[in-house]
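Text of start.txt, listed as compact mmCIF, C-alpha atoms:
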```
# COMPACT_ATOMS: atom_id res chain seq x y z
CA MET A 129 -13.96 -13.03 -2.07
CA ASN A 130 -12.50 -9.85 -3.54
CA PHE A 131 -8.76 -9.61 -2.89
CA GLU A 132 -8.40 -5.97 -3.87
CA SER A 133 -7.41 -3.30 -1.40
CA ILE A 134 -9.31 -0.02 -1.36
CA ASN A 135 -7.04 2.86 -2.29
CA LEU A 136 -8.41 6.00 -0.65
CA GLU A 137 -6.73 8.46 -3.03
CA ALA A 138 -8.10 6.61 -6.05
CA LYS A 139 -11.58 6.65 -4.52
CA PHE A 140 -11.35 10.38 -3.71
CA ALA A 141 -10.46 10.99 -7.37
CA CYS A 142 -13.87 9.58 -8.38
CA PHE A 143 -15.94 12.51 -7.13
CA SER A 144 -15.65 16.23 -6.56
CA ASP A 145 -18.72 17.49 -4.74
CA HIS A 146 -18.51 18.65 -1.16
CA TRP A 147 -20.27 17.29 1.94
CA SER A 148 -21.60 14.29 0.06
CA PRO A 149 -20.31 11.05 1.63
CA ARG A 150 -19.40 8.05 -0.51
CA VAL A 151 -19.29 4.61 1.05
CA VAL A 152 -16.16 2.58 0.26
CA ALA A 153 -16.39 -0.34 2.70
CA GLU A 154 -18.46 -1.91 5.44
CA LEU A 155 -17.27 -3.37 8.72
CA ASN A 156 -20.16 -5.34 10.24
CA ASP A 157 -22.92 -2.71 10.46
CA TYR A 158 -20.53 0.23 10.17
CA GLN A 159 -19.55 2.09 7.02
CA PHE A 160 -16.33 3.76 5.93
CA LYS A 161 -17.25 6.89 4.01
CA LEU A 162 -15.15 9.41 2.10
CA VAL A 163 -16.11 13.07 2.19
CA LYS A 164 -14.65 16.11 0.51
CA ALA A 165 -15.32 19.15 2.65
CA GLU A 166 -15.04 22.84 1.93
CA GLY A 167 -16.65 25.72 3.77
CA GLU A 168 -19.03 25.53 6.68
CA PHE A 169 -21.33 22.61 7.32
CA VAL A 170 -24.47 22.91 9.47
CA TRP A 171 -24.68 22.56 13.23
CA HIS A 172 -26.10 19.14 13.98
CA SER A 173 -25.88 16.12 16.23
CA HIS A 174 -26.40 12.38 15.91
CA GLN A 175 -28.56 11.21 18.78
CA GLU A 176 -27.91 7.54 18.13
CA THR A 177 -24.16 7.30 17.65
CA ALA A 178 -20.67 8.69 17.94
CA GLU A 179 -18.89 9.51 14.67
CA ALA A 180 -15.20 9.14 13.81
CA PHE A 181 -13.32 11.58 11.56
CA ILE A 182 -9.88 10.86 10.09
CA VAL A 183 -8.41 13.65 7.99
CA VAL A 184 -6.57 12.28 4.96
CA GLU A 185 -5.60 15.62 3.37
CA GLY A 186 -6.08 19.26 4.36
CA THR A 187 -7.36 20.61 7.64
CA LEU A 188 -10.75 20.25 9.27
CA GLU A 189 -12.08 22.18 12.21
CA ILE A 190 -14.88 20.62 14.20
CA GLU A 191 -16.65 23.31 16.18
CA PHE A 192 -18.49 22.49 19.37
CA ARG A 193 -20.61 24.84 21.45
CA ASP A 194 -17.76 25.08 23.97
CA GLY A 195 -14.60 24.55 21.94
CA THR A 196 -13.01 23.58 18.62
CA VAL A 197 -10.90 20.63 17.52
CA THR A 198 -8.51 21.15 14.62
CA LEU A 199 -7.62 18.05 12.63
CA SER A 200 -4.67 17.88 10.24
CA ALA A 201 -3.84 15.02 7.87
CA GLY A 202 -3.19 11.83 9.83
CA GLU A 203 -5.32 12.90 12.76
CA LEU A 204 -8.39 11.24 14.24
CA PHE A 205 -11.23 12.51 16.38
CA VAL A 206 -14.39 10.87 17.65
CA VAL A 207 -17.39 13.16 18.10
CA PRO A 208 -19.37 11.78 21.04
CA LYS A 209 -22.95 10.65 20.60
CA GLY A 210 -25.52 13.41 20.81
CA VAL A 211 -23.04 16.29 20.91
CA GLU A 212 -23.75 19.26 18.65
CA HIS A 213 -20.95 19.97 16.22
CA ARG A 214 -20.20 21.83 13.02
CA PRO A 215 -17.41 20.77 10.64
CA VAL A 216 -15.66 23.67 8.92
CA ALA A 217 -12.98 23.41 6.21
CA ARG A 218 -11.20 26.66 5.27
CA GLY A 219 -9.74 24.94 2.18
CA GLU A 220 -10.72 21.63 0.63
CA CYS A 221 -10.25 18.76 3.01
CA LYS A 222 -10.47 15.00 2.44
CA ILE A 223 -12.00 13.02 5.26
CA LEU A 224 -12.49 9.34 6.06
CA LEU A 225 -15.59 8.93 8.21
CA LEU A 226 -16.65 5.92 10.18
CA GLU A 227 -20.13 5.51 11.57
CA PRO A 228 -22.97 2.99 11.64
CA ARG A 229 -24.91 2.33 8.45
CA ASN A 230 -27.92 4.65 7.94
CA VAL A 231 -26.46 7.69 9.69
CA VAL A 232 -27.51 10.83 7.83
CA ASN A 233 -24.84 13.50 7.39
CA THR A 234 -26.88 16.38 8.79
CA GLY A 235 -28.18 14.35 11.74
CA ASN A 236 -31.02 16.11 13.54
CA ALA A 237 -30.68 19.30 11.52
CA GLY A 238 -31.77 18.33 8.01
CA GLY A 239 -31.70 21.06 5.37
CA GLU A 240 -30.20 21.46 1.94
CA LEU A 241 -26.84 19.89 2.79
CA THR A 242 -28.53 16.59 3.62
CA ALA A 243 -26.92 14.02 1.32
CA LYS A 244 -28.33 10.85 -0.14
CA ASN A 245 -27.28 7.99 2.09
CA ASP A 246 -25.52 4.74 1.23
CA VAL A 247 -23.99 5.95 -2.03
CA TRP A 248 -21.10 3.62 -2.89
CA ILE A 249 -18.10 4.23 -5.09
CA MET B 274 -14.84 17.08 26.71
CA ASN B 275 -11.31 16.75 25.37
CA PHE B 276 -10.78 18.94 22.32
CA GLU B 277 -7.49 17.37 21.25
CA SER B 278 -7.14 15.47 18.02
CA ILE B 279 -5.30 12.14 18.01
CA ASN B 280 -2.17 12.33 15.91
CA LEU B 281 -1.44 8.85 14.59
CA GLU B 282 2.27 9.45 13.95
CA ALA B 283 2.78 10.80 17.46
CA LYS B 284 1.00 7.79 18.91
CA PHE B 285 3.07 5.36 16.79
CA ALA B 286 6.21 7.03 18.19
CA CYS B 287 5.18 5.93 21.71
CA PHE B 288 5.90 2.22 21.22
CA SER B 289 8.14 -0.05 19.21
CA ASP B 290 7.09 -3.68 19.74
CA HIS B 291 5.46 -5.62 16.94
CA TRP B 292 2.03 -7.24 16.77
CA SER B 293 0.95 -5.60 19.99
CA PRO B 294 -2.08 -3.36 19.42
CA ARG B 295 -2.49 -0.07 21.28
CA VAL B 296 -5.94 1.49 21.58
CA VAL B 297 -6.11 5.20 20.70
CA ALA B 298 -9.86 5.85 20.52
CA GLU B 299 -13.29 4.29 20.87
CA LEU B 300 -16.29 4.71 18.62
CA ASN B 301 -19.33 3.33 20.42
CA ASP B 302 -18.26 -0.27 21.18
CA TYR B 303 -15.50 -0.29 18.56
CA GLN B 304 -11.84 0.50 19.11
CA PHE B 305 -9.23 2.13 16.89
CA LYS B 306 -5.94 0.36 17.48
CA LEU B 307 -2.43 1.03 16.22
CA VAL B 308 -0.16 -1.89 15.40
CA LYS B 309 3.44 -2.06 14.25
CA ALA B 310 3.91 -5.21 12.20
CA GLU B 311 7.04 -6.96 11.01
CA GLY B 312 7.42 -10.54 9.87
CA GLU B 313 4.74 -13.22 9.79
CA PHE B 314 1.78 -13.29 12.14
CA VAL B 315 -0.18 -16.47 12.85
CA TRP B 316 -3.04 -17.89 10.83
CA HIS B 317 -6.24 -17.08 12.69
CA SER B 318 -9.83 -15.99 12.33
CA HIS B 319 -12.31 -13.95 14.34
CA GLN B 320 -15.57 -15.85 14.53
CA GLU B 321 -17.53 -12.92 15.92
CA THR B 322 -16.55 -10.02 13.72
CA ALA B 323 -15.01 -8.55 10.60
CA GLU B 324 -11.81 -6.53 11.06
CA ALA B 325 -10.67 -3.42 9.19
CA PHE B 326 -7.03 -2.72 8.32
CA ILE B 327 -5.76 0.67 7.13
CA VAL B 328 -2.07 0.83 6.32
CA VAL B 329 -0.51 4.12 7.44
CA GLU B 330 3.11 3.38 6.46
CA GLY B 331 4.84 0.47 4.76
CA THR B 332 3.24 -2.53 3.10
CA LEU B 333 1.11 -5.29 4.57
CA GLU B 334 0.15 -8.54 2.93
CA ILE B 335 -2.91 -10.31 4.24
CA GLU B 336 -2.80 -13.93 3.20
CA PHE B 337 -5.97 -15.96 2.84
CA ARG B 338 -6.23 -19.65 2.10
CA ASP B 339 -7.18 -18.81 -1.49
CA GLY B 340 -5.44 -15.52 -2.22
CA THR B 341 -3.49 -12.53 -0.90
CA VAL B 342 -4.33 -8.84 -0.53
CA THR B 343 -1.44 -6.38 -0.60
CA LEU B 344 -2.04 -3.10 1.22
CA SER B 345 0.14 -0.03 0.73
CA ALA B 346 -0.03 3.20 2.72
CA GLY B 347 -3.43 4.83 2.32
CA GLU B 348 -5.19 1.57 1.57
CA LEU B 349 -8.01 -0.14 3.42
CA PHE B 350 -9.23 -3.72 3.57
CA VAL B 351 -11.94 -5.40 5.61
CA VAL B 352 -11.32 -9.04 6.50
CA PRO B 353 -14.73 -10.73 6.60
CA LYS B 354 -15.99 -12.35 9.78
CA GLY B 355 -14.77 -15.89 10.35
CA VAL B 356 -12.31 -15.95 7.44
CA GLU B 357 -8.86 -17.36 8.15
CA HIS B 358 -6.08 -14.91 7.43
CA ARG B 359 -2.42 -14.27 8.16
CA PRO B 360 -0.91 -10.75 8.12
CA VAL B 361 2.66 -10.64 6.82
CA ALA B 362 4.93 -7.56 6.73
CA ARG B 363 8.21 -7.92 4.82
CA GLY B 364 9.47 -4.67 6.40
CA GLU B 365 8.04 -2.73 9.30
CA CYS B 366 4.50 -1.60 8.65
CA LYS B 367 2.24 0.75 10.61
CA ILE B 368 -1.41 -0.21 10.72
CA LEU B 369 -4.61 1.36 11.98
CA LEU B 370 -7.04 -1.38 12.97
CA LEU B 371 -10.71 -1.06 13.66
CA GLU B 372 -12.72 -3.77 15.37
CA PRO B 373 -15.13 -4.22 18.27
CA ARG B 374 -13.83 -3.92 21.82
CA ASN B 375 -12.54 -7.21 23.29
CA VAL B 376 -11.31 -8.73 20.02
CA VAL B 377 -8.07 -10.63 20.67
CA ASN B 378 -5.33 -10.21 18.07
CA THR B 379 -4.76 -13.94 17.48
CA GLY B 380 -8.47 -14.76 17.35
CA ASN B 381 -9.11 -18.50 17.52
CA ALA B 382 -5.42 -19.41 17.27
CA GLY B 383 -3.94 -18.19 20.54
CA GLY B 384 -0.22 -18.78 21.04
CA GLU B 385 2.74 -16.64 21.98
CA LEU B 386 1.81 -13.70 19.75
CA THR B 387 -1.41 -13.18 21.69
CA ALA B 388 -1.26 -9.61 23.00
CA LYS B 389 -2.77 -8.09 26.09
CA ASN B 390 -6.06 -6.51 25.12
CA ASP B 391 -7.34 -2.97 25.72
CA VAL B 392 -3.91 -1.36 26.17
CA TRP B 393 -4.31 2.38 25.63
CA ILE B 394 -1.73 4.94 24.66
```

Please lay out the structure from this file as structure tokens.
Amino acid sequence: MNFESINLEAKFACFSDHWSPRVVAELNDYQFKLVKAEGEFVWHSHQETAEAFIVVEGTLEIEFRDGTVTLSAGELFVVPKGVEHRPVARGECKILLLEPRNVVNTGNAGGELTAKNDVWI
Amino acid sequence: MNFESINLEAKFACFSDHWSPRVVAELNDYQFKLVKAEGEFVWHSHQETAEAFIVVEGTLEIEFRDGTVTLSAGELFVVPKGVEHRPVARGECKILLLEPRNVVNTGNAGGELTAKNDVWI
């Protein structure tokens, strides 16, 4: 067994690209992923699962078709399963994501922001 | 849909007892729980699931039979399924826990530190 804690700041320091999740830990069949966000992501939904966002640094807006949630550092929000959303970061934002293994970042939308899945740091 | 983010500090300010988890959000069949810890918890294990700890403030030691993990603020650790452990906080520590719904805090051990489950704030 590995008795080392996972320091989120140290892990965030290991990469710089935006919208490209890195896996840092697994909990059963779920994965903790770190994401650096900046700018506008694509509208998408995940038909198979809800998705949890915890903002570690900066501010993240999650737009929905009928409203917006603004997340500051130390705030959590769970996007319900199947609900269309678009994350937007006006400045760089560091996010801890939690979702089941194999969830693709762009969900049903695809496109050029689709990241390789299951990339560990 | 509720477009309000969940502010962890504001939620922690709503209670003061130790070792008594409060649920703040659900992700599919998992729950995010806040715990204030101080002192020594009981040795226990969860036969059915792993359990994720994120320290928000303070320091938490998780003792295992063959080693100890020390978690500072901003650090994450996943206790594997079925592995005996004992959380210890030398001073007060604020923890964000993630585990499936219905997991009891003392696992297989029971005893007086067993908290009521599924208490939301």

**Message:** Please list, as a list of chain:residue names, the residues that have an atom at most 8 Å away from (-0.9, 0.8, 22.1) in the coordinates of this file, counting all atoms listed in the file.
**Reply:** B:Lys284, B:Cys287, B:Phe288, B:Ser293, B:Pro294, B:Arg295, B:Val296, B:Val297, B:Lys306, B:Leu307, B:Val308, B:Val392, B:Trp393, B:Ile394

**Message:** So the first atom is CA of Val207 (chain A) and the second is CA of Glu179 (chain A); what is the distance between them in Å, to one decimal place?
**Reply:**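 Straight-line distance from CA of Val207 (chain A) to CA of Glu179 (chain A) works out to 5.2 Å.
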
**Asked** If you count only C-alpha atoms, which residues fall within 10 Å of Glu203 (chain A), apart from same-chain ones fewer than 4 positions away, as a list in words?
**Response** Phe181, Ile182, Val183, Val184, Glu185, Thr187, Leu188, Thr198 and Leu199 of chain A; Glu277, Ser278, Ile279, Asn280, Leu281, Glu282 and Ala283 of chain B

Centre and size of axis-aligned box enclosing region 221-238 of chain A plus 8 Å each side, as lines of an AutoDock Vina configuration file:
```
center_x = -21.0
center_y = 10.8
center_z = 8.0
size_x = 37.5
size_y = 33.0
size_z = 27.1
```

**Asked** So which residues touch Ser173 (chain A) within 7 Å, counting all atoms listed in the file, skipping near sequence neighbours fewer than 2 positions away, as number ranges by chain?
**Response** A: 175, 210-213, 235-236

**Item:** Contacts of Ala362 (chain B) within 8 Å, only C-alpha atoms, excl. fewer than 5 positions in-chain, as a ChimeraX atom specification
**Value:** /B:310-313,332-334

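Between Val231 (chain A) and the candidates A:Val206, A:Val216, A:Ala178, A:Val197, the tightest atom-to-atom separation, counting only C-alpha atoms, involves A:Ala178.
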
**Request:** Could you check how far CA of Leu371 (chain B) sits from CA of Tyr303 (chain B), in Å to one decimal?
**Result:** 6.9 Å
